[in-house]
Amino acid sequence: MKSNVMIAMAILIFGNLFSALYDVSIKWLPEGSNAATFLLIRQLLSVLMLLPLWLYAKRPTTQHLKVHFFRSNTGALGAVCLIMGLMSLPIATVSSLFFSAPLMIVLMGSLFLKERVTPTQCTATILGFIGILILLRPSEINWFGIAVLISAFTFALNQLALRKLPDTENPSVTLMLYNTLSIPLTFIMVLVQGLEGVSWALIGMAALSNSFLLAYHWLCVLAYRKAEASQIAIAEYTGLLFCVLFGWLLFDEWLDGLSWVGAGFIVLPSLIIPWITARLVHIRPKKIIEQEAG
């Protein structure tokens, strides 16, 4: 495996730790909070937190405003759906549903970005899809479950859209526009849901979750610019392990035997198949040399 791909996967795995911490923070929202109000507060705080970084980077601009507009607004829709899911379903269930996103990334990367999907990636994707099916619980597939799937789809679109941005663009402008351009849409969602549950506790939790989310997005920007989406999307599955761990430690949630089988189908391919591929690449030239010598 190329060094760039390995580095990108390592960055993405580290980023998934912060993504899991974000999920945990949503579970701790004060009673009476609603998703749209929380998201609006979080976005406003994001802009304030990113402003010093953007100024320090000498106010970088972009030539790809349409891409940023698309990412920010689909991201806001997905964020509201994910928050609603986390507020209503166990974290392990939400994580299981959300981890259909890497499958979508590989498929859409092949269809829309013409990225080459190797047999190894196809195998890992199929096994991951089987794992998602095993982990799903029909009794828990309600409107909140569908909302999480919508969030997974918008997440996949967002990660693929990152490939349309140049490596030279400063990450601070990417993150700044991601939060700023979607504020009007979020405000409309607040008008629909109602402005509810505003408190210092909610603002404090928004600031904490925002820190986790900004760290995750920053690492995603770095990872998806370093390698093709289909090459590293499988690393997204490792976030499931972090979610299971935090669910067990903080909310007394634990996967049953069948769920562990599903998790194995999801996580193990991302760990074992790349290693097997690297070994085959190493062994194949050896065999060719031996055959020529013989």
# chains A, B, ... in the order shown; residues from 1 in each chain; ligands from 1
>>> residues_around(residues="Ile126 in chain A", least_positions_apart="5", cutoff="12 Å", atoms="only C-alpha atoms", output="list in words")
Ser100, Pro102, Leu103, Met104, Val106, Leu107, Pro119, Thr120, Gln121, Gly131, Ile132, Leu133, Ile234, Phe265, Ile266, Pro269 and Ser270 of chain A
>>> write_last_selection(atoms="C-alpha atoms", output="PDB file, in the first residue's frame")
ATOM      1  CA  SER A 100     -23.181   2.595   5.829  1.00  0.00           C
ATOM      2  CA  PRO A 102     -18.143   4.266   3.743  1.00  0.00           C
ATOM      3  CA  LEU A 103     -20.025   1.864   1.468  1.00  0.00           C
ATOM      4  CA  MET A 104     -21.702   4.854  -0.163  1.00  0.00           C
ATOM      5  CA  VAL A 106     -16.771   3.706  -2.362  1.00  0.00           C
ATOM      6  CA  LEU A 107     -19.782   3.268  -4.656  1.00  0.00           C
ATOM      7  CA  PRO A 119     -11.221  -6.325  -6.117  1.00  0.00           C
ATOM      8  CA  THR A 120      -9.839  -5.931  -2.584  1.00  0.00           C
ATOM      9  CA  GLN A 121     -11.959  -2.837  -1.962  1.00  0.00           C
ATOM     10  CA  GLY A 131     -21.933  -6.492   8.696  1.00  0.00           C
ATOM     11  CA  ILE A 132     -24.293  -3.518   8.527  1.00  0.00           C
ATOM     12  CA  LEU A 133     -27.219  -5.854   7.748  1.00  0.00           C
ATOM     13  CA  ILE A 234     -12.852   1.612   4.736  1.00  0.00           C
ATOM     14  CA  PHE A 265     -17.471  -8.138   9.203  1.00  0.00           C
ATOM     15  CA  ILE A 266     -17.155  -4.356   9.182  1.00  0.00           C
ATOM     16  CA  PRO A 269     -11.604  -6.341   6.383  1.00  0.00           C
ATOM     17  CA  SER A 270     -10.190  -2.847   6.886  1.00  0.00           C
TER      18      SER A 270
END
>>> atom_distance(atom1="CA of Tyr22 in chain A", atom2="CA of Leu89 in chain A")
15.1 Å
>>> closest_residue(among="A:Trp254, A:Leu175, A:Thr62, A:Asn73", to="Met189 in chain A", atoms="only C-alpha atoms")
A:Asn73
>>> closest_residue(among="A:Leu191, A:Ala161, A:Ala207, A:Ile11", to="Thr74 in chain A", atoms="only C-alpha atoms")
A:Ala161
>>> select_by_dssp(residues="range 10-82 of chain A", states="alpha helix (DSSP H)", output="PyMOL selection string")
chain A and resi 10-27+35-56+65-82
>>> closest_residue(among="A:Leu181, A:Phe251, A:Leu222, A:Leu245", to="Val67 in chain A", atoms="only C-alpha atoms")
A:Leu181
>>> residues_around(residues="range 151-159 of chain A", least_positions_apart="2", cutoff="9 Å", atoms="only C-alpha atoms", output="VMD selection string")
chain A and resid 70 to 72 74 to 82 97 to 106 108 146 to 149 161 to 163 220 to 221 224 229
>>> write_last_selection(atoms="N, CA, C and O atoms", output="tab-separated table (two decimals), in the first residue's frame")
chain	number	residue	atom	x	y	z
A	70	PHE	N	-22.52	23.65	-1.59
A	70	PHE	CA	-23.12	22.31	-1.63
A	70	PHE	C	-22.78	21.53	-0.38
A	70	PHE	O	-23.66	20.94	0.27
A	71	ARG	N	-21.50	21.52	0.00
A	71	ARG	CA	-21.06	20.77	1.17
A	71	ARG	C	-21.72	21.29	2.46
A	71	ARG	O	-22.16	20.51	3.29
A	72	SER	N	-21.76	22.59	2.61
A	72	SER	CA	-22.26	23.17	3.86
A	72	SER	C	-23.75	22.88	4.06
A	72	SER	O	-24.18	22.53	5.17
A	74	THR	N	-25.76	20.49	2.47
A	74	THR	CA	-26.04	19.06	2.66
A	74	THR	C	-25.55	18.61	4.03
A	74	THR	O	-26.18	17.77	4.68
A	75	GLY	N	-24.43	19.19	4.46
A	75	GLY	CA	-23.89	18.86	5.79
A	75	GLY	C	-24.83	19.28	6.91
A	75	GLY	O	-25.00	18.56	7.90
A	76	ALA	N	-25.46	20.44	6.78
A	76	ALA	CA	-26.40	20.92	7.80
A	76	ALA	C	-27.63	20.02	7.88
A	76	ALA	O	-28.09	19.68	8.98
A	77	LEU	N	-28.13	19.60	6.72
A	77	LEU	CA	-29.27	18.68	6.70
A	77	LEU	C	-28.90	17.36	7.37
A	77	LEU	O	-29.65	16.83	8.21
A	78	GLY	N	-27.73	16.84	7.02
A	78	GLY	CA	-27.27	15.58	7.62
A	78	GLY	C	-27.02	15.71	9.11
A	78	GLY	O	-27.30	14.78	9.88
A	79	ALA	N	-26.50	16.87	9.53
A	79	ALA	CA	-26.20	17.08	10.95
A	79	ALA	C	-27.48	17.06	11.79
A	79	ALA	O	-27.52	16.46	12.87
A	80	VAL	N	-28.54	17.71	11.31
A	80	VAL	CA	-29.82	17.70	12.03
A	80	VAL	C	-30.37	16.29	12.15
A	80	VAL	O	-30.85	15.86	13.21
A	81	CYS	N	-30.28	15.54	11.05
A	81	CYS	CA	-30.77	14.15	11.06
A	81	CYS	C	-29.98	13.30	12.05
A	81	CYS	O	-30.56	12.50	12.80
A	82	LEU	N	-28.65	13.48	12.08
A	82	LEU	CA	-27.82	12.68	12.99
A	82	LEU	C	-28.10	13.04	14.45
A	82	LEU	O	-28.18	12.16	15.31
A	97	LEU	N	-25.87	2.20	11.87
A	97	LEU	CA	-26.55	2.74	10.69
A	97	LEU	C	-25.67	3.74	9.95
A	97	LEU	O	-25.59	3.74	8.71
A	98	PHE	N	-24.98	4.58	10.71
A	98	PHE	CA	-24.17	5.63	10.08
A	98	PHE	C	-22.99	5.05	9.31
A	98	PHE	O	-22.52	5.64	8.34
A	99	PHE	N	-22.52	3.88	9.73
A	99	PHE	CA	-21.36	3.30	9.06
A	99	PHE	C	-21.70	2.62	7.73
A	99	PHE	O	-20.88	1.89	7.18
A	100	SER	N	-22.90	2.91	7.23
A	100	SER	CA	-23.18	2.60	5.83
A	100	SER	C	-22.54	3.65	4.92
A	100	SER	O	-22.42	3.45	3.71
A	101	ALA	N	-22.10	4.77	5.51
A	101	ALA	CA	-21.50	5.87	4.72
A	101	ALA	C	-20.26	5.43	3.94
A	101	ALA	O	-20.12	5.79	2.76
A	102	PRO	N	-19.31	4.67	4.54
A	102	PRO	CA	-18.14	4.27	3.74
A	102	PRO	C	-18.51	3.44	2.52
A	102	PRO	O	-17.85	3.53	1.48
A	103	LEU	N	-19.57	2.62	2.63
A	103	LEU	CA	-20.03	1.86	1.47
A	103	LEU	C	-20.49	2.82	0.37
A	103	LEU	O	-20.19	2.64	-0.81
A	104	MET	N	-21.21	3.85	0.79
A	104	MET	CA	-21.70	4.85	-0.16
A	104	MET	C	-20.53	5.62	-0.78
A	104	MET	O	-20.56	5.96	-1.97
A	105	ILE	N	-19.49	5.90	0.01
A	105	ILE	CA	-18.33	6.63	-0.49
A	105	ILE	C	-17.64	5.84	-1.60
A	105	ILE	O	-17.30	6.38	-2.65
A	106	VAL	N	-17.44	4.55	-1.36
A	106	VAL	CA	-16.77	3.71	-2.36
A	106	VAL	C	-17.61	3.64	-3.63
A	106	VAL	O	-17.10	3.81	-4.75
A	108	MET	N	-20.13	5.67	-4.74
A	108	MET	CA	-20.28	6.96	-5.42
A	108	MET	C	-18.94	7.48	-5.95
A	108	MET	O	-18.90	8.18	-6.96
A	146	ILE	N	-34.16	6.12	9.89
A	146	ILE	CA	-34.12	6.65	8.51
A	146	ILE	C	-33.35	7.98	8.48
A	146	ILE	O	-32.58	8.25	7.55
A	147	ALA	N	-33.56	8.80	9.52
A	147	ALA	CA	-32.84	10.08	9.60
A	147	ALA	C	-31.33	9.86	9.65
A	147	ALA	O	-30.56	10.59	9.02
A	148	VAL	N	-30.91	8.82	10.38
A	148	VAL	CA	-29.47	8.52	10.47
A	148	VAL	C	-28.94	8.07	9.11
A	148	VAL	O	-27.82	8.43	8.71
A	149	LEU	N	-29.72	7.29	8.38
A	149	LEU	CA	-29.30	6.85	7.05
A	149	LEU	C	-29.18	8.05	6.09
A	149	LEU	O	-28.28	8.09	5.25
A	161	ALA	N	-17.10	15.34	-2.12
A	161	ALA	CA	-16.96	16.72	-2.60
A	161	ALA	C	-15.60	17.31	-2.22
A	161	ALA	O	-15.09	18.20	-2.92
A	162	LEU	N	-15.01	16.80	-1.14
A	162	LEU	CA	-13.67	17.28	-0.75
A	162	LEU	C	-12.65	17.03	-1.85
A	162	LEU	O	-11.66	17.76	-1.97
A	163	ARG	N	-12.88	15.97	-2.65
A	163	ARG	CA	-11.94	15.65	-3.73
A	163	ARG	C	-11.97	16.70	-4.84
A	163	ARG	O	-11.07	16.75	-5.68
A	220	CYS	N	-10.39	15.08	8.47
A	220	CYS	CA	-11.00	14.55	7.24
A	220	CYS	C	-10.51	15.31	6.01
A	220	CYS	O	-10.23	14.71	4.98
A	221	VAL	N	-10.43	16.62	6.14
A	221	VAL	CA	-9.93	17.44	5.03
A	221	VAL	C	-8.53	16.99	4.64
A	221	VAL	O	-8.21	16.80	3.46
A	224	TYR	N	-8.72	13.09	3.11
A	224	TYR	CA	-9.34	12.89	1.80
A	224	TYR	C	-8.66	13.69	0.69
A	224	TYR	O	-8.94	13.46	-0.48
A	229	ALA	N	-10.93	8.73	-2.29
A	229	ALA	CA	-11.96	8.37	-1.31
A	229	ALA	C	-12.13	6.86	-1.18
A	229	ALA	O	-12.24	6.32	-0.08
>>> residues_around(residues="Asn179 in chain A", least_positions_apart="2", cutoff="8 Å", atoms="only C-alpha atoms", output="JSON, numbers by chain")
{"A": [43, 44, 46, 47, 72, 175, 176, 177, 181, 182, 183]}
>>> closest_residue(among="A:Leu185, A:Pro90, A:Ile26, A:Leu241", to="Gly262 in chain A", atoms="only C-alpha atoms")
A:Leu241
>>> closest_residue(among="A:Ala20, A:Met9, A:Val173, A:Val261", to="Phe212 in chain A", atoms="only C-alpha atoms")
A:Ala20
>>> closest_residue(among="A:Gly197, A:Gly85, A:Trp54, A:His64", to="Asn34 in chain A", atoms="only C-alpha atoms")
A:Gly197
>>> atom_distance(atom1="CA of Ala215 in chain A", atom2="CA of Val192 in chain A")
29.7 Å
>>> residues_around(residues="range 198-202 of chain A", least_positions_apart="4", cutoff="8 Å", atoms="only C-alpha atoms", output="MDAnalysis selection string")
chainID A and resid 29:30 33 37:38 206
